[in-house]
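This report concerns only the one structure given below.
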Amino acid sequence: MCRHFGAEEHGSATIAGAREVLPTNVKPLHYDLTLEPNFEDFTYEGTVVIDLDVNEDTASISLNTTELKIHSSKVTADDKVISDSPNVSHDEDSQTTKVSFDQTISKGSKAKLTMTFTGTLNDNMAGFYRSSFKAEDGSTTYMATTQMEPTDARRAFPCFDEPALKAKFTVTLIADDKMTCLSNMDVASEKTVESKMTSGKRKAVTFNPTPLMSTYLLAFIIGELNYIETNSFRVPVRVYAPKDRDIEHGRFSLELAAKTLAFYEKTFNSDFPLPKMDMIAIPDFSAGAMENWGLVTYRVVDVLIDEKASGAAVKQRVAETVQHELAHQWFGNLVTMDFWDGLWLNEGFATWMSWYSCNVFYPDWKVWEGYVTDNLAGALSLDSLRSSHPIEVPVKRADEINQIFDAISYSKGSSVIRMISKYVGEETFMEGIRRYLKKHAYGNTETGDLWAALSEASGKDVGKVMDIWTKKVGFPVITVTEGSDSIHLKQNRFLRTADVKPEEDQTLYPVFLGLRTKEGVNEDLTLFDREADFKLKDLDFFKLNADHSSLYRTSYTPDRLRKLGIAAKEGLLTVEDRAGMIADAGSLAASGYQKSSGILSLLDSFKSEPDFVVWQEITGRIGSLRGAWMFEDQPVRDALKQFQLDLVKDKAHALGWTFGDDVGHIEQQFKSLMFGAAGISGDEEITKASFDMFNKFIAGDRSAIHANIRGSVYAIVLAKGGKEEYDAVLNEYLNAKTADERNSALRSLGRAKSPELIKRSLDLALSNDVKGQDIYLPIQALRSHQEGCYALWEWVKNNWEELEKRLPPSLSMLSSVVSIATSSFTHREHIKDIESFFAKKSTKGFDMSLSQSIDAISAKAAWLERDSEDVKQWLKEHKYLE
């Protein structure tokens, strides 16, 4: 991986190994930044003074800016003015501004660059931007907030916007007295000043200097806020929210944060280095949360929770999000990746750590069981496409970076961390992490630095085994053939499209086999070669990839799969084993390694399965089969729906759909899952119960629908009902008290199938009633039916210019909308239509998600071509089809 080395200047950006980075002639040490926003015209004034080390004789300084107007610049060196009106030129393509002057500043000097500038408090949720909420009197109130990751600090102020160019920051915010001002650090001083933006006086709040940190972690917020505080951790911890929110809904996150910080300090043997920890709910936020050092920002629904009005799954997501962001305070903030191709170091570890700590805090949630159907599943799904990318992905330009915040960096990254922690042992792994954090505190690292720390702690050559997993795309399928006293294993690249070319099958992965037999699990077996034989004492029972802690699919013979189904009933397989086995079989059927009739039979044999996580996988697999068959003949679709109903109804009725105080966390989610799966596939009793609950609910009984099944009840009544039900759910979106309740309603609207109601859902997405952060919510469920898929795609084509304007391609939201609108199609003519629409458009900023959509459609098309008759035959044999 290339570093920032001296290279000749190309205009204002340097090409280092074809990576667009700033020249290395100067290095920032400290920023003194003052900002004053104007909420009347959504502009702000700023001044920045940057202290610089001069690394080589230079007559220019290049730094990053975009969408800023520079008014004045001044350069000094060793306290002498070099130029108070240097030549300033801007290159929008590379987002750089170059400040040139006549006098040369010599190497070793201390220079200062001072700039005054104005910017726009944009509504694109990037840089320094505006967010809005309703005041008590119904008027719209604005706040100013930030989102800098990955490359939007340059949108807020002129800066050296690369993760390796760490500096200290002293921030001053100028605002009205009624406003709360927050930044990464605590307040150093407050004074009254004459305002530049308004006539009159305002307060200027200056914060203490930050530690050495990257620009993408800087944050500053100005708004009318409430907060709650706890002193149960060594430094104060607070949750803030806009004044229209019930701040007590932050209590769960607040107390969890204090406990988590104490736990991480002990686990990492490293003190949290800041004087306070603030977390804040932001009404307009493009991601789920952002780990700004000492000031974590969240989407409202990911930090505020009304435990009476939210289900178990929502509580778990909030817990995982809080613990993920706090893990970043060390892994990412204290020790930061050198450049964005190391993003996985941040995200993979924080994802794994959130599950690790969640498991410590809430052992009854059994989160590692769910890991297989959640994180591992997401990683393998995306990584089975040709258009996937390696975990360490080469990124060259700012506009490529947003696209790698995906299931590879997060889920595959965390799955690789999970694999290593099993390989070296959990305590040894943590010792390696402690050494890594201590050695590289306040610095930048590459993946090799992590391997070195883990090798030192474990005595194993971790890099040799793990490099392939991070540097190469994809993962293998292991084909098992059985001898008389041994098994023969062969690895090949796995692609969902089932068309691996020889040149794509060169990589040999070190595969940790995790062989489970009656004696237990042998964790020491590794397949390094293309194929090998392994002796077994007894072929009666064995299973590879115990607990599915390794990244591969296993292809067994049909007879072995049948035996494993029996072993599952006999209790020889763990929950993870059973869920993972079904996932493998489903995935292999979808990509042509096995017949789809085999997975239908396997699912059919699991009707008596007792565990929630396994049922998550079962319902997910029947869902993906029905999704692939969505555009096929009606009788086949009806038969698959009836098969789903037969599969789930007995379990759904046995569990029931009432939620007493004694119903545990997992059981709540289990009841909810089965209720929804049976109701959506036409269970009459559940449909009737849904309408009964719904009618009581809209008549004013808020307790009639339990939070755990709210979304399912909405989906069922919208799919079966009409305008009256739609209006009632829409009213719930517009008027419900909490973000979670409103999102449940908004997410369900697309279930309505009549052309008039589909049009209303689509119109709503671009209306003033839906925030930009939520555009994808009302359109999401349209993918659940043919009519919705077609209407959604037409809507995207007809509104393309408006969508591009609302969701700039350089940010991540347009990528999500393109994916939602295209990926549910299943035929090759659908691909032609999508490709012809985008042929004349710039796909910069979402080309990766577009090619992943097209790959996914190709895979489904090939599946249908291969197995349509096989599925029909099975359905006939089992009396689902005439």
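Residue names in the structure tokens use chain letters A, B, ... in the order shown, residue numbers from 1 in each chain, and ligand numbers from 1 in the order shown.
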
Inset, instruction - May I have the residues within 7 Å of Leu495 (chain A) as a PyMOL selection string, using only C-alpha atoms and disregarding those fewer than 4 positions away in the same chain? - result: chain A and resi 384-386+499-500

Using only C-alpha atoms, determine which residues lie at most 10 Å from Val521 (chain A), disregarding the query and same-chain residues fewer than 4 positions distant; provide the list as a PDB file with N, CA and C atoms, in the first residue's frame.
```pdb
ATOM      1  N   LEU A 513     -11.045 -24.953   8.666  1.00  0.00           N
ATOM      2  CA  LEU A 513     -12.128 -25.902   8.398  1.00  0.00           C
ATOM      3  C   LEU A 513     -13.100 -26.061   9.556  1.00  0.00           C
ATOM      4  N   GLY A 514     -12.631 -25.940  10.793  1.00  0.00           N
ATOM      5  CA  GLY A 514     -13.532 -26.067  11.943  1.00  0.00           C
ATOM      6  C   GLY A 514     -14.385 -27.334  11.844  1.00  0.00           C
ATOM      7  N   LEU A 515     -13.730 -28.486  11.878  1.00  0.00           N
ATOM      8  CA  LEU A 515     -14.441 -29.754  11.648  1.00  0.00           C
ATOM      9  C   LEU A 515     -15.122 -30.243  12.925  1.00  0.00           C
ATOM     10  N   ARG A 516     -16.449 -30.344  12.858  1.00  0.00           N
ATOM     11  CA  ARG A 516     -17.213 -30.840  14.009  1.00  0.00           C
ATOM     12  C   ARG A 516     -17.503 -32.337  13.825  1.00  0.00           C
ATOM     13  N   THR A 517     -17.124 -33.135  14.849  1.00  0.00           N
ATOM     14  CA  THR A 517     -17.487 -34.552  14.865  1.00  0.00           C
ATOM     15  C   THR A 517     -18.049 -34.835  16.261  1.00  0.00           C
ATOM     16  N   LEU A 525      -7.449 -27.719  11.780  1.00  0.00           N
ATOM     17  CA  LEU A 525      -7.359 -28.132  10.374  1.00  0.00           C
ATOM     18  C   LEU A 525      -7.529 -26.929   9.453  1.00  0.00           C
ATOM     19  N   PHE A 542     -20.305 -35.762  10.660  1.00  0.00           N
ATOM     20  CA  PHE A 542     -19.311 -34.690  10.624  1.00  0.00           C
ATOM     21  C   PHE A 542     -19.952 -33.463   9.971  1.00  0.00           C
ATOM     22  N   LYS A 543     -19.428 -32.323  10.334  1.00  0.00           N
ATOM     23  CA  LYS A 543     -19.864 -31.084   9.683  1.00  0.00           C
ATOM     24  C   LYS A 543     -18.711 -30.098   9.667  1.00  0.00           C
ATOM     25  N   LEU A 544     -18.513 -29.462   8.523  1.00  0.00           N
ATOM     26  CA  LEU A 544     -17.462 -28.450   8.400  1.00  0.00           C
ATOM     27  C   LEU A 544     -17.967 -27.083   8.851  1.00  0.00           C
ATOM     28  N   ASN A 545     -17.000 -26.204   9.148  1.00  0.00           N
ATOM     29  CA  ASN A 545     -17.290 -24.816   9.509  1.00  0.00           C
ATOM     30  C   ASN A 545     -18.183 -24.732  10.749  1.00  0.00           C
ATOM     31  N   ALA A 546     -17.705 -25.338  11.837  1.00  0.00           N
ATOM     32  CA  ALA A 546     -18.453 -25.322  13.100  1.00  0.00           C
ATOM     33  C   ALA A 546     -18.780 -23.882  13.492  1.00  0.00           C
ATOM     34  N   ASP A 547     -20.033 -23.653  13.818  1.00  0.00           N
ATOM     35  CA  ASP A 547     -20.549 -22.318  14.203  1.00  0.00           C
ATOM     36  C   ASP A 547     -20.397 -21.265  13.103  1.00  0.00           C
TER      37      ASP A 547
END
```

Inset, instruction - If you run DSSP over the backbone, which residues in region 549-715 of chain A end up helix (DSSP H, G or I)? Put them as a ChimeraX atom specification. - result: /A:558-569,575-590,596-604,612-628,634-655,665-680,684-698,707-715

Inset, instruction - Between A:Tyr442, A:Phe285, A:Phe339, A:Phe160, single out the one closest to Pro394 (chain A), counting only C-alpha atoms. - result: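 Residue with the minimum atom-to-atom distance to Pro394 (chain A): A:Phe339.
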
Legend entry - Of the listed residues A:Ala745, A:Arg626, A:Glu400, A:Lys563, that which approaches Ser815 (chain A) most closely, counting only C-alpha atoms: A:Glu400

Legend entry - Surrounding residues of Asn87 (chain A) excluding itself and chain neighbours under 2 positions, 7 Å, only C-alpha atoms, as a list in words: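 Once the adjacent positions are removed, what remains is Ser85, Ser89, Val99, Ser100 and Phe101 of chain A.
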
Inset, instruction - Can you pull out every residue within 8 Å of Ser486 (chain A), counting only C-alpha atoms, but drop anything in the same chain fewer than 4 positions away, and send it as an MDAnalysis selection string? - result: chainID A and resid 482 533:536 539

Any chance you can output those residues with N, CA and C atoms as a PDB file, in the first residue's frame?
```
ATOM      1  N   GLU A 482     -16.932 -37.973  -0.225  1.00  0.00           N
ATOM      2  CA  GLU A 482     -16.638 -38.886   0.888  1.00  0.00           C
ATOM      3  C   GLU A 482     -16.005 -40.185   0.415  1.00  0.00           C
ATOM      4  N   ASP A 533      -7.080 -34.418   1.245  1.00  0.00           N
ATOM      5  CA  ASP A 533      -7.868 -35.443   1.944  1.00  0.00           C
ATOM      6  C   ASP A 533      -7.652 -35.307   3.446  1.00  0.00           C
ATOM      7  N   PHE A 534      -8.698 -35.546   4.210  1.00  0.00           N
ATOM      8  CA  PHE A 534      -8.611 -35.501   5.674  1.00  0.00           C
ATOM      9  C   PHE A 534      -9.219 -36.781   6.235  1.00  0.00           C
ATOM     10  N   LYS A 535      -8.436 -37.472   7.046  1.00  0.00           N
ATOM     11  CA  LYS A 535      -8.895 -38.739   7.649  1.00  0.00           C
ATOM     12  C   LYS A 535      -9.919 -38.457   8.744  1.00  0.00           C
ATOM     13  N   LEU A 536     -10.939 -39.320   8.808  1.00  0.00           N
ATOM     14  CA  LEU A 536     -11.948 -39.210   9.877  1.00  0.00           C
ATOM     15  C   LEU A 536     -12.090 -40.564  10.550  1.00  0.00           C
ATOM     16  N   LEU A 539     -17.335 -41.681   9.798  1.00  0.00           N
ATOM     17  CA  LEU A 539     -18.027 -40.842   8.803  1.00  0.00           C
ATOM     18  C   LEU A 539     -19.519 -40.717   9.099  1.00  0.00           C
TER      19      LEU A 539
END
```

Inset, instruction - Write down as a VMD selection string the residues of region 434-606 of chain A whose backbone DSSP state falls under strand (DSSP E). - result: chain A and resid 444 to 445 476 to 482 486 to 493 511 to 512 515 to 517 520 to 522 526 to 527 531 to 535 542 to 543 553 to 555

Legend entry - Contacts of Thr428 (chain A) within 8 Å, only C-alpha atoms, excl. fewer than 6 positions in-chain, as a ChimeraX atom specification: /A:421,454,457-458

Inset, instruction - Excluding region 756-761 of chain A and any residue of its chain fewer than 5 positions from it, enumerate the residues within 7 Å of it, using only C-alpha atoms, and give them as a PyMOL selection string. - result: chain A and resi 749-750+778-779+788

Selected residues written out, N, CA and C atoms, as a short mmCIF file (atom, residue, chain, number, x, y, z; two decimals), in the first residue's frame:
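Output contents, as saved in out.cif:
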```cif
data_model
loop_
_atom_site.label_atom_id
_atom_site.label_comp_id
_atom_site.auth_asym_id
_atom_site.auth_seq_id
_atom_site.Cartn_x
_atom_site.Cartn_y
_atom_site.Cartn_z
N LEU A 749 -45.76 1.59 3.80
CA LEU A 749 -46.72 2.12 2.82
C LEU A 749 -46.63 1.45 1.45
N GLY A 750 -45.41 1.08 1.04
CA GLY A 750 -45.23 0.47 -0.28
C GLY A 750 -45.89 -0.88 -0.44
N PRO A 778 -40.30 5.16 2.10
CA PRO A 778 -41.62 4.85 1.52
C PRO A 778 -41.56 4.01 0.25
N ILE A 779 -40.37 3.94 -0.38
CA ILE A 779 -40.29 3.17 -1.64
C ILE A 779 -39.79 1.75 -1.42
N GLY A 788 -45.30 -2.89 -7.79
CA GLY A 788 -44.45 -1.89 -7.14
C GLY A 788 -43.09 -1.76 -7.81
#
```
